[in-house]
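Here's data-v5.cif, which has mmCIF, C-alpha atoms:
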```cif
data_structure
loop_
_atom_site.label_atom_id
_atom_site.label_comp_id
_atom_site.auth_asym_id
_atom_site.auth_seq_id
_atom_site.Cartn_x
_atom_site.Cartn_y
_atom_site.Cartn_z
CA MET K 968 0.34 20.63 4.48
CA ARG K 969 -1.16 18.33 1.88
CA ARG K 970 -1.96 14.86 3.21
CA PRO K 971 -0.30 12.09 1.12
CA CYS K 972 -2.79 10.31 -1.11
CA THR K 973 -2.76 6.76 -2.35
CA HIS K 974 -3.40 6.20 -6.05
CA LEU K 975 -3.59 3.21 -8.33
CA VAL K 976 -1.68 3.87 -11.53
CA PHE K 977 -1.22 2.07 -14.83
CA SER K 978 -0.10 2.49 -18.48
CA PHE K 979 3.62 3.02 -18.05
CA GLN K 980 6.01 4.65 -20.48
CA LEU K 981 9.76 4.72 -19.90
CA ALA K 982 11.32 8.17 -20.09
CA GLY K 983 14.96 8.37 -19.05
CA LYS K 984 15.38 7.49 -15.39
CA ARG K 985 11.65 7.61 -14.71
CA TRP K 986 8.35 6.11 -15.68
CA LYS K 987 5.50 8.25 -17.01
CA VAL K 988 2.30 6.88 -15.50
CA ASP K 989 -1.42 7.33 -16.03
CA LEU K 990 -3.32 8.46 -12.93
CA ALA K 991 -6.70 8.41 -14.71
CA SER K 992 -6.65 12.20 -14.45
CA ARG K 993 -5.83 15.20 -16.64
CA HIS K 994 -2.14 15.08 -15.81
CA GLU K 995 0.33 12.26 -16.12
CA ALA K 996 2.63 11.54 -13.20
CA SER K 997 6.28 10.64 -12.96
CA LEU K 998 7.84 7.85 -10.93
CA LEU K 999 11.60 8.21 -10.61
CA LEU K 1000 13.86 5.18 -10.61
CA SER K 1001 15.23 6.47 -7.30
CA ALA K 1002 11.68 6.45 -5.84
CA VAL K 1003 11.08 2.70 -6.12
CA ASN K 1004 12.39 -0.44 -4.43
CA LEU K 1005 14.64 -2.44 -6.72
CA PRO K 1006 13.94 -6.16 -7.39
CA GLY K 1007 14.62 -8.07 -4.20
CA GLY K 1008 13.98 -4.92 -2.15
CA ILE K 1009 17.64 -3.87 -2.13
CA GLN K 1010 18.28 -0.31 -0.94
CA ARG K 1011 21.25 1.37 -2.68
CA ARG K 1012 22.10 4.08 -5.16
CA ARG K 1013 20.83 3.49 -8.68
CA ASN K 1014 23.33 3.14 -11.51
CA ALA K 1015 23.36 2.92 -15.31
CA GLU K 1016 22.69 -0.83 -15.21
CA ASP K 1017 19.55 -0.25 -13.15
CA GLU K 1018 18.37 2.23 -15.77
CA LEU K 1019 18.80 -0.37 -18.51
CA ARG K 1020 16.82 -2.93 -16.47
CA MET K 1021 13.89 -0.70 -15.53
CA ARG K 1022 11.40 -3.03 -17.22
CA GLU K 1023 12.32 -5.68 -14.66
CA VAL K 1024 10.75 -3.41 -12.03
CA PHE K 1025 7.67 -2.11 -13.86
CA ARG K 1026 6.70 -2.42 -17.49
CA GLU K 1027 4.02 -1.04 -19.80
CA GLY K 1028 0.52 -2.13 -18.79
CA ASP K 1029 1.40 -2.90 -15.15
CA LEU K 1030 -0.92 -1.80 -12.36
CA LEU K 1031 0.43 -0.62 -9.04
CA SER K 1032 -0.33 1.37 -5.94
CA ALA K 1033 1.76 4.44 -5.19
CA GLU K 1034 1.75 7.46 -2.93
CA VAL K 1035 1.83 11.06 -4.10
CA GLN K 1036 5.19 12.50 -3.09
CA SER K 1037 4.62 16.03 -4.33
CA VAL K 1038 2.34 18.13 -6.54
CA GLN K 1039 3.89 21.01 -8.48
CA THR K 1040 2.25 24.34 -9.29
CA ASP K 1041 1.76 23.25 -12.93
CA GLY K 1042 -0.25 20.21 -11.80
CA SER K 1043 2.49 17.64 -12.41
CA VAL K 1044 2.67 14.85 -9.84
CA ALA K 1045 5.63 12.91 -8.47
CA LEU K 1046 5.00 9.43 -7.03
CA HIS K 1047 6.94 6.98 -4.93
CA THR K 1048 6.67 3.31 -3.98
CA ARG K 1049 9.42 3.22 -1.33
CA SER K 1050 7.41 1.01 1.00
CA LEU K 1051 6.49 -2.67 0.86
CA LYS K 1052 2.80 -1.75 1.03
CA TYR K 1053 3.12 -0.05 -2.37
CA GLY K 1054 4.11 -1.58 -5.68
CA LEU K 1055 2.90 -4.02 -8.32
CA LEU K 1056 -0.65 -5.39 -7.98
CA VAL K 1057 -1.54 -8.90 -9.16
CA GLY K 1058 -4.16 -11.50 -8.35
CA GLY K 1059 -7.07 -9.16 -7.73
CA GLN K 1060 -9.75 -7.09 -9.42
CA LEU K 1061 -9.55 -3.46 -10.61
CA ILE K 1062 -12.68 -1.32 -10.41
CA GLN K 1063 -13.04 2.27 -11.61
CA VAL K 1064 -15.60 4.59 -10.00
CA PRO K 1065 -16.13 8.38 -9.92
CA PRO K 1066 -13.39 9.76 -7.62
CA ALA K 1067 -15.96 11.89 -5.76
CA LEU K 1068 -17.51 8.70 -4.36
CA VAL K 1069 -14.30 7.54 -2.66
CA LYS K 1070 -14.53 8.83 0.89
CA ARG K 1071 -11.30 10.47 2.07
CA GLN K 1072 -9.86 8.71 5.11
CA LYS K 1073 -6.59 8.55 7.00
CA GLN K 1074 -5.93 5.12 5.52
CA HIS K 1075 -6.62 3.90 1.99
CA PHE K 1076 -5.51 0.31 2.62
CA HIS K 1077 -8.18 -1.74 4.36
CA THR K 1078 -8.79 -5.36 5.29
CA LEU K 1079 -12.33 -6.74 5.60
CA GLU K 1080 -11.29 -9.32 8.16
CA ALA K 1081 -14.70 -11.00 8.37
CA ILE K 1082 -14.46 -12.15 4.76
CA GLY K 1083 -10.69 -12.10 4.17
CA VAL K 1084 -10.48 -9.35 1.57
CA ASP K 1085 -7.95 -6.54 1.13
CA LEU K 1086 -9.01 -3.21 -0.38
CA ILE K 1087 -7.07 -0.28 -1.79
CA LEU K 1088 -9.31 2.74 -2.29
CA GLY K 1089 -7.40 5.02 -4.65
CA CYS K 1090 -8.19 8.74 -4.42
CA ASN K 1091 -8.36 8.85 -8.22
CA GLY K 1092 -11.34 6.45 -8.33
CA LEU K 1093 -9.32 3.31 -9.10
CA LEU K 1094 -10.06 0.60 -6.52
CA TRP K 1095 -8.34 -2.74 -5.99
CA VAL K 1096 -9.91 -5.84 -4.41
CA GLN K 1097 -7.92 -8.98 -3.63
CA PRO K 1098 -7.87 -11.94 -1.23
CA HIS K 1099 -6.26 -10.99 2.08
CA VAL K 1100 -2.47 -11.21 2.11
CA SER K 1101 -0.66 -11.31 5.46
CA PRO K 1102 2.00 -8.60 5.86
CA PRO K 1103 5.63 -9.72 5.52
CA PRO K 1104 7.61 -10.50 8.69
CA GLN K 1105 9.15 -7.53 10.47
CA SER K 1106 12.60 -8.74 9.44
CA SER K 1107 11.60 -8.40 5.79
CA ILE K 1108 10.80 -4.73 6.31
CA GLN K 1109 13.80 -3.76 8.38
CA GLY K 1110 16.35 -5.84 6.50
CA GLY K 1111 19.19 -8.00 7.75
CA ALA K 1112 22.21 -7.07 9.76
CA ASP K 1113 24.59 -6.74 6.81
CA GLY K 1114 24.66 -3.45 4.96
CA GLY K 1115 24.57 -3.02 1.18
CA PRO K 1116 27.31 -1.59 -1.04
CA ASP K 1117 26.49 1.95 0.14
CA GLY K 1118 26.12 1.03 3.78
CA GLU K 1119 22.33 0.74 3.57
CA LYS K 1120 20.60 -2.38 4.84
CA PRO K 1121 19.02 -4.59 2.17
CA ILE K 1122 15.35 -5.45 2.36
CA GLU K 1123 14.41 -9.04 1.70
CA SER K 1124 11.95 -9.73 -1.09
CA VAL K 1125 8.32 -10.33 -0.17
CA PRO K 1126 7.21 -13.99 -0.47
CA ALA K 1127 5.02 -14.82 -3.46
CA LYS K 1128 1.28 -15.00 -2.87
CA PRO K 1129 -0.24 -18.47 -2.56
CA PRO K 1130 -2.83 -19.38 -5.22
CA CYS K 1131 -6.40 -18.28 -4.50
CA SER K 1132 -9.15 -20.78 -3.74
CA ARG K 1133 -12.47 -20.75 -5.58
CA HIS K 1134 -14.20 -19.45 -2.45
CA GLN K 1135 -11.76 -16.52 -2.20
CA LEU K 1136 -12.36 -15.63 -5.85
CA GLU K 1137 -16.12 -15.73 -5.32
CA VAL K 1138 -15.85 -13.43 -2.30
CA VAL K 1139 -13.62 -10.98 -4.21
CA THR K 1140 -16.10 -10.96 -7.10
CA ARG K 1141 -19.04 -10.31 -4.77
CA VAL K 1142 -17.16 -7.45 -3.09
CA GLY K 1143 -16.37 -6.01 -6.52
CA ASN K 1144 -20.03 -6.20 -7.48
CA ALA K 1145 -20.97 -4.49 -4.20
CA ILE K 1146 -18.66 -1.60 -5.09
CA ARG K 1147 -20.16 -1.36 -8.58
CA ALA K 1148 -23.66 -1.29 -7.06
CA LEU K 1149 -22.67 1.58 -4.78
CA ALA K 1150 -21.17 3.48 -7.71
CA HIS K 1151 -24.27 2.84 -9.84
CA SER K 1152 -26.41 4.32 -7.05
CA TYR K 1153 -23.90 7.16 -6.58
CA LEU K 1154 -23.35 6.34 -2.92
CA ALA K 1155 -20.19 6.96 -0.89
CA ILE K 1156 -17.68 4.13 -1.09
CA TYR K 1157 -15.74 3.17 2.04
CA PRO K 1158 -15.31 -0.07 4.02
CA THR K 1159 -18.58 0.20 5.98
CA THR K 1160 -20.79 0.75 2.93
CA ILE K 1161 -18.93 -1.92 0.97
CA MET K 1162 -19.38 -4.48 3.75
CA ASP K 1163 -23.07 -3.58 4.27
CA THR K 1164 -23.77 -3.97 0.56
CA TYR K 1165 -21.83 -7.24 0.45
CA GLU K 1166 -23.85 -8.67 3.36
CA VAL K 1167 -27.16 -7.71 1.76
CA SER K 1168 -26.07 -9.30 -1.51
CA ASN K 1169 -24.90 -12.45 0.25
CA LYS K 1170 -28.14 -12.71 2.24
CA GLU K 1171 -30.27 -12.33 -0.89
CA SER K 1172 -28.18 -14.96 -2.66
CA ASN K 1173 -28.55 -17.47 0.21
CA SER K 1174 -32.30 -16.92 0.53
CA SER K 1175 -32.91 -17.49 -3.17
CA SER K 1176 -30.83 -20.68 -3.33
#
```

Take the structure I supplied and represent it as structure tokens, if you would.
Amino acid sequence: MRRPCTHLVFSFQLAGKRWKVDLASRHEASLLLSAVNLPGGIQRRRNAEDELRMREVFREGDLLSAEVQSVQTDGSVALHTRSLKYGLLVGGQLIQVPPALVKRQKQHFHTLEAIGVDLILGCNGLLWVQPHVSPPPQSSIQGGADGGPDGEKPIESVPAKPPCSRHQLEVVTRVGNAIRALAHSYLAIYPTTIMDTYEVSNKESNSSS
């Protein structure tokens, strides 16, 4: 059985009840309206009004993380973002590297706790670096006690991210440069190598100042 893979995707086009998305690969992927969380995280059946308001969920040029739901024999890919860990990405830095350098692991979402940075290592070579964001409360994931119009429990929206400090932005930039240095040297990219390269860079910077 194929293990689900996390990808970063961008360059949306609306096509009926789905988005056509760019995986930075030979084949485009599709993201069905039924395979995403609606604004506010509400879980219910999609209707014609939802189809007309699809650009309120994702629009052309957006960047997001998604999981591969299925791969067909013709190479076409179906995605989903039916989890609060997936979805729109803002407030960070996108880096593209050769996919072969991204080490396959059980998890593609990582937190470098020592420096307060979150990483998404996409299997397609698109990587995301951002200041650490605490996960939403458990109640936000499970929803409240009242069911929605179809008997499904609504999921509360995730709180907006607080603004980043200058120090956080500097750390994110240094981590991004560490990833680019690994890619330039054609070395495997995973949390350990990223952190080692970051520490060497930081040490060199402190010794020269």

Q) What's the 12 Å shell around Gln1039 (chain K), counting only C-alpha atoms, without same-chain residues fewer than 4 positions away, as an MDAnalysis selection string? A) chainID K and resid 969 994 996:997 1035 1043:1046

Q | Residues matched by the PyMOL selection byres ((chain K and resi 1066-1081) around 8) as a list in words | A | Thr973, Val1064, Pro1065, Ile1082, Gly1083, Val1084, Asp1085, Leu1086, Ile1087, Leu1088, Gly1089, Cys1090, Asn1091, Gly1092, Leu1093, His1099, Ala1150, Tyr1153, Leu1154, Ala1155, Ile1156, Tyr1157, Pro1158 and Met1162 of chain K

Q: Can you turn the PyMOL selection byres ((chain K and resi 1164) around 10) into a concrete residue list for this file, as number ranges by chain?
A: K: 1141-1142, 1144-1146, 1148-1149, 1158-1163, 1165-1170

Q: Using CA of Gly983 (chain K) and CA of Leu1061 (chain K) as the two end points, give the distance in Å to one decimal.
A: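 If I compute the distance from CA of Gly983 (chain K) to CA of Leu1061 (chain K), I get 28.5 Å.
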
Q: Counting all atoms listed in the file, note down every residue that has an atom within 12 Å of the point (-2.1, -10.5, -3.9) (file coordinates), as a PyMOL selection string.
A: chain K and resi 1031+1052-1060+1083-1087+1095-1102+1125-1131+1135-1136+1139

Q: Select, from K:Ala1033, K:Leu1019, K:Ser1152, K:Ser1174, the residue with the minimum atom-to-atom distance to Arg1049 (chain K), counting only C-alpha atoms.
A: K:Ala1033

With 8 Å on each side, where is the centre of the axis-aligned box around all listed atoms of region 1016-1035 of chain K, and how long are its edges in Å to one decimal, as JSON?
```
{"center_x": 10.9, "center_y": 2.7, "center_z": -11.4, "size_x": 39.6, "size_y": 32.7, "size_z": 32.9}
```

Q: Quick one: apply the PyMOL selection byres ((chain K and resi 986) around 10) to the file and drop the selected residues here as number ranges by chain.
A: K: 978-985, 987-989, 996-1000, 1021-1022, 1025-1027, 1046

Q: Rounded to one decimal place, report the CA of Glu1034 (chain K)-CA of Ser1050 (chain K) distance in Å.
A: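 Distance reported for this atom pair: 9.4 Å.
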
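One distance worth recording is that between CA of Arg1011 (chain K) and CA of Glu995 (chain K), which is 27.1 Å.
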
Q | Top pick for closest residue to Leu1051 (chain K), considering K:Asn1004, K:Asn1014, K:Gln1036, K:Val1024 and counting only C-alpha atoms | A |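 The shortest atom-to-atom distance to Leu1051 (chain K) comes from K:Asn1004.
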